[in-house]
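With mmCIF, C-alpha atoms inside, this is work-v6.cif:
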```cif
data_data
#
loop_
_atom_site.label_atom_id
_atom_site.label_comp_id
_atom_site.auth_asym_id
_atom_site.auth_seq_id
_atom_site.Cartn_x
_atom_site.Cartn_y
_atom_site.Cartn_z
CA MET P 620 0.00 0.00 0.00
CA PHE P 621 1.61 3.40 0.84
CA SER P 622 2.90 4.77 -2.44
CA GLU P 623 4.96 7.95 -2.70
CA SER P 624 1.73 9.73 -3.68
CA ASP P 625 0.01 8.42 -0.53
CA ILE P 626 2.89 9.68 1.60
CA ASP P 627 2.61 13.09 -0.08
CA LYS P 628 -1.10 13.29 0.86
CA ILE P 629 -0.47 12.16 4.44
CA ALA P 630 2.45 14.59 4.86
CA ALA P 631 0.45 17.49 3.38
CA CYS P 632 -2.20 16.97 6.06
CA LEU P 633 0.03 16.23 9.04
CA GLN P 634 2.75 18.77 8.16
CA PRO P 635 5.63 16.84 9.75
CA GLU P 636 8.76 18.54 11.02
CA SER P 637 10.75 15.98 9.05
CA ARG P 638 10.06 13.27 6.49
CA ASN P 639 12.49 10.54 5.45
CA PHE P 640 12.52 7.33 3.50
CA GLU P 641 14.42 4.63 5.35
CA THR P 642 15.38 1.26 3.86
CA ASP P 643 11.85 -0.18 3.86
CA HIS P 644 9.58 2.51 5.31
CA TYR P 645 8.67 6.18 5.47
CA ARG P 646 9.27 8.10 8.71
CA LEU P 647 7.45 11.32 9.62
CA LYS P 648 8.22 13.26 12.80
CA LEU P 649 5.39 15.39 14.20
CA VAL P 650 6.00 18.02 16.86
CA SER P 651 3.58 20.24 18.76
CA THR P 652 5.62 22.72 20.76
CA SER P 653 2.52 24.34 22.27
CA ASP P 654 1.34 20.98 23.65
CA ARG P 655 4.89 19.75 24.32
CA ARG P 656 4.31 16.55 22.30
CA MET P 657 6.37 14.63 19.78
CA LEU P 658 5.33 11.63 17.72
CA VAL P 659 7.10 9.55 15.08
CA LEU P 660 4.92 7.89 12.45
CA GLU P 661 6.40 5.06 10.41
CA LEU P 662 4.60 3.69 7.36
CA TYR P 663 5.70 0.31 6.01
CA PRO P 664 4.31 -0.38 2.50
CA SER P 665 5.00 -4.11 2.69
CA VAL P 666 6.53 -6.12 5.51
CA PRO P 667 6.35 -9.80 6.50
CA LEU P 668 3.47 -10.26 8.94
CA GLY P 669 3.67 -13.96 9.70
CA LYS P 670 2.99 -16.08 6.62
CA GLU P 671 1.87 -13.10 4.56
CA LYS P 672 3.00 -9.57 3.75
CA GLY P 673 1.05 -6.43 4.46
CA SER P 674 1.22 -2.75 5.26
CA MET P 675 1.97 -1.61 8.79
CA VAL P 676 1.56 1.70 10.63
CA VAL P 677 3.79 2.30 13.66
CA VAL P 678 3.62 5.21 16.09
CA TYR P 679 6.27 6.04 18.67
CA THR P 680 5.64 8.58 21.40
CA ILE P 681 7.51 9.44 24.58
CA GLY P 682 5.24 7.07 26.50
CA GLY P 683 4.01 4.57 23.95
CA HIS P 684 4.53 2.34 20.94
CA LEU P 685 1.53 1.40 18.78
CA GLN P 686 1.26 -0.82 15.70
CA LEU P 687 -1.56 -1.35 13.23
CA HIS P 688 -0.92 -4.47 11.13
CA ASN P 689 -2.47 -5.18 7.72
CA CYS P 690 -3.49 -1.58 7.10
CA THR P 691 -6.04 -1.73 4.28
CA GLY P 692 -6.61 1.98 3.76
CA PHE P 693 -6.54 5.49 5.13
CA VAL P 694 -8.57 8.69 5.06
CA VAL P 695 -6.99 12.14 5.13
CA SER P 696 -9.03 14.87 6.80
CA GLU P 697 -7.47 18.27 6.17
CA GLU P 698 -10.36 19.90 8.06
CA LEU P 699 -9.66 17.87 11.22
CA GLY P 700 -5.90 17.84 10.68
CA GLU P 701 -5.72 14.08 11.00
CA VAL P 702 -5.25 10.84 9.11
CA THR P 703 -7.25 7.73 10.01
CA PHE P 704 -5.65 4.37 9.14
CA VAL P 705 -7.85 1.28 9.11
CA SER P 706 -7.40 -2.49 9.15
CA GLU P 707 -10.30 -4.83 8.35
CA SER P 708 -10.99 -8.36 9.44
CA PRO P 709 -14.32 -10.20 9.14
CA GLY P 710 -16.90 -8.24 11.16
CA ARG P 711 -14.25 -6.12 12.92
CA LEU P 712 -12.18 -3.00 12.34
CA SER P 713 -9.14 -1.53 13.96
CA GLY P 714 -8.10 2.03 13.37
CA MET P 715 -5.41 4.48 14.31
CA VAL P 716 -5.96 8.22 14.14
CA VAL P 717 -2.83 10.39 13.92
CA GLU P 718 -3.29 14.11 14.47
CA ARG P 719 -1.25 17.01 13.14
CA GLU P 720 -0.69 18.16 16.74
CA ALA P 721 1.36 15.00 17.46
CA ALA P 722 -1.46 13.06 19.11
CA CYS P 723 -2.68 9.55 18.37
CA SER P 724 -5.69 7.35 19.19
CA LEU P 725 -6.08 3.61 18.65
CA TYR P 726 -9.38 1.75 18.31
CA ALA P 727 -8.91 -2.03 18.17
CA ASN P 728 -11.26 -4.85 17.26
CA VAL P 729 -14.32 -2.59 16.90
CA THR P 730 -17.54 -4.26 15.77
CA ARG P 731 -18.05 -3.14 12.19
CA ASP P 732 -21.75 -2.34 12.73
CA LEU P 733 -20.83 0.49 15.12
CA ILE P 734 -19.65 2.79 12.36
CA SER P 735 -22.98 2.90 10.54
CA GLY P 736 -25.36 2.44 13.45
CA ASP P 737 -27.27 4.89 15.62
CA PHE P 738 -24.65 6.48 17.87
CA THR P 739 -27.30 7.86 20.23
CA ASN P 740 -27.93 4.38 21.63
CA LEU P 741 -24.31 3.93 22.71
CA GLY P 742 -22.37 5.02 25.74
CA VAL P 743 -19.84 7.78 25.14
CA GLU P 744 -16.90 5.41 25.58
CA VAL P 745 -18.22 3.16 22.77
CA MET P 746 -19.57 5.97 20.61
CA LEU P 747 -16.09 7.51 20.26
CA SER P 748 -14.76 4.53 18.31
CA GLY P 749 -17.77 4.43 16.01
CA VAL P 750 -17.56 8.13 15.21
CA ALA P 751 -13.77 8.05 14.71
CA LEU P 752 -13.87 5.05 12.36
CA SER P 753 -17.01 6.14 10.49
CA LEU P 754 -14.74 8.30 8.29
CA THR P 755 -13.38 5.07 6.79
CA GLU P 756 -16.75 3.62 5.79
CA GLY P 757 -16.21 4.46 2.10
CA LEU P 758 -13.00 2.38 2.06
CA LEU P 759 -14.50 -0.76 3.53
CA LYS P 760 -15.60 -3.80 1.62
CA LYS P 761 -19.37 -3.89 1.25
CA ASP P 762 -19.79 -7.47 2.46
CA GLY P 763 -17.50 -7.08 5.46
CA SER P 764 -15.10 -9.74 4.19
CA GLN P 765 -11.37 -9.37 4.43
CA ASP P 766 -10.69 -10.17 0.76
#
```
Can you dump the structure from the file as structure tokens?
Amino acid sequence: MFSESDIDKIAACLQPESRNFETDHYRLKLVSTSDRRMLVLELYPSVPLGKEKGSMVVVYTIGGHLQLHNCTGFVVSEELGEVTFVSESPGRLSGMVVEREAACSLYANVTRDLISGDFTNLGVEVMLSGVALSLTEGLLKKDGSQD
């Protein structure tokens, strides 16, 4: 996944302090001096993930390390200043939202129905994941399958 064109779109939205291509991945460093945050985003177009290869998104922060395996797509939101990466598996989604201000959120193993359902029937803690991942609905396979 992650072509040079994709990286250009992601970088245009996130406005990284630096952007490099390493041996097998792209590396973007985001800094928010006003919030005193720093985040490194690494995008691997194709890496071995067990018996298969796939795309991987990695985030490093001062206090954390997050990985999203088998990334199947992403949505750039200039208006929100964020990029949402998504990974599909049958009936479930995982997503990582990376913000221009060097912040990151991870939503793992979310029931696919949440993103198109009635959010008013959900608790706030569950509603957040549905709203965040609903941006990716146009990327998802119609039948919910992985292939």
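Residues matched by the PyMOL selection byres ((chain P and resi 715) around 10) in this file are Val676, Val677, Val678, Leu685, Gln686, Leu687, Cys690, Phe693, Val702, Thr703, Phe704, Val705, Ser706, Ser713, Gly714, Val716, Val717, Glu718, Cys723, Ser724, Leu725, Tyr726, Ala727, Ala751 and Leu752 of chain P.
Interatomic distance, CA of Pro635 (chain P) to CA of Gly682 (chain P): 19.4 Å.
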Item to check | Exercise: Lys628 (chain P) partners within 12 Å, all atoms listed in the file, chain neighbours under 2 positions left out, as a list in words | outcome: Phe621, Ser622, Glu623, Ser624, Asp625, Ile626, Ala630, Ala631, Cys632, Leu633, Gln634, Pro635, Phe693, Val694, Val695, Ser696, Glu697, Gly700, Glu701 and Val702 of chain P
Would you export the selected residues with C-alpha atoms as a PDB file, in the frame of the given file, please?
```pdb
ATOM      1  CA  PHE P 621       1.610   3.400   0.840  1.00  0.00           C
ATOM      2  CA  SER P 622       2.900   4.770  -2.440  1.00  0.00           C
ATOM      3  CA  GLU P 623       4.960   7.950  -2.700  1.00  0.00           C
ATOM      4  CA  SER P 624       1.730   9.730  -3.680  1.00  0.00           C
ATOM      5  CA  ASP P 625       0.010   8.420  -0.530  1.00  0.00           C
ATOM      6  CA  ILE P 626       2.890   9.680   1.600  1.00  0.00           C
ATOM      7  CA  ALA P 630       2.450  14.590   4.860  1.00  0.00           C
ATOM      8  CA  ALA P 631       0.450  17.490   3.380  1.00  0.00           C
ATOM      9  CA  CYS P 632      -2.200  16.970   6.060  1.00  0.00           C
ATOM     10  CA  LEU P 633       0.030  16.230   9.040  1.00  0.00           C
ATOM     11  CA  GLN P 634       2.750  18.770   8.160  1.00  0.00           C
ATOM     12  CA  PRO P 635       5.630  16.840   9.750  1.00  0.00           C
ATOM     13  CA  PHE P 693      -6.540   5.490   5.130  1.00  0.00           C
ATOM     14  CA  VAL P 694      -8.570   8.690   5.060  1.00  0.00           C
ATOM     15  CA  VAL P 695      -6.990  12.140   5.130  1.00  0.00           C
ATOM     16  CA  SER P 696      -9.030  14.870   6.800  1.00  0.00           C
ATOM     17  CA  GLU P 697      -7.470  18.270   6.170  1.00  0.00           C
ATOM     18  CA  GLY P 700      -5.900  17.840  10.680  1.00  0.00           C
ATOM     19  CA  GLU P 701      -5.720  14.080  11.000  1.00  0.00           C
ATOM     20  CA  VAL P 702      -5.250  10.840   9.110  1.00  0.00           C
TER      21      VAL P 702
END
```
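Once only C-alpha atoms are considered, the residues situated within 12 Å of the file point (12.1, 10.9, 1.5) turn out to be P:Ser622, P:Glu623, P:Ser624, P:Ile626, P:Asp627, P:Ala630, P:Ser637, P:Arg638, P:Asn639, P:Phe640, P:Glu641, P:Thr642, P:Asp643, P:His644, P:Tyr645, P:Arg646, P:Leu647, P:Leu662.
Interatomic distance, CA of Pro664 (chain P) to CA of Leu747 (chain P): 28.2 Å.
Coordinates place CA of Ile629 (chain P) at a distance of 18.7 Å from CA of Gly673 (chain P).
You can rank P:Thr691, P:Ala722, P:Leu759, P:Asp732 by their closest distance to Lys672 (chain P) using all atoms listed in the file, and at the top of that list sits P:Thr691.
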Next on the checklist: Under the PyMOL selection byres ((chain P and resi 681) around 9), which residues of this model are included? Write them out as a PyMOL selection string.
Outcome noted: chain P and resi 656-658+679-680+682-684
Checklist entry - With distances taken over all atoms listed in the file, which of P:Ile734, P:Ala721, P:Leu712, P:Leu754 is nearest to Lys648 (chain P)? => result P:Ala721
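Comparing P:Arg655, P:Lys670, P:Lys760, P:Arg731 by their smallest distance to Ser748 (chain P), the closest is P:Arg731 (using only C-alpha atoms).
In terms of minimum interatomic distance to Ser665 (chain P), P:Met620 ranks closest within P:Ser708, P:Gly692, P:Met620, P:Val650, counting all atoms listed in the file.
For the set P:Leu699, P:Met675, P:Val743, P:Leu733, the residue with the smallest atom-to-atom gap to Arg719 (chain P) is P:Leu699, counting all atoms listed in the file.
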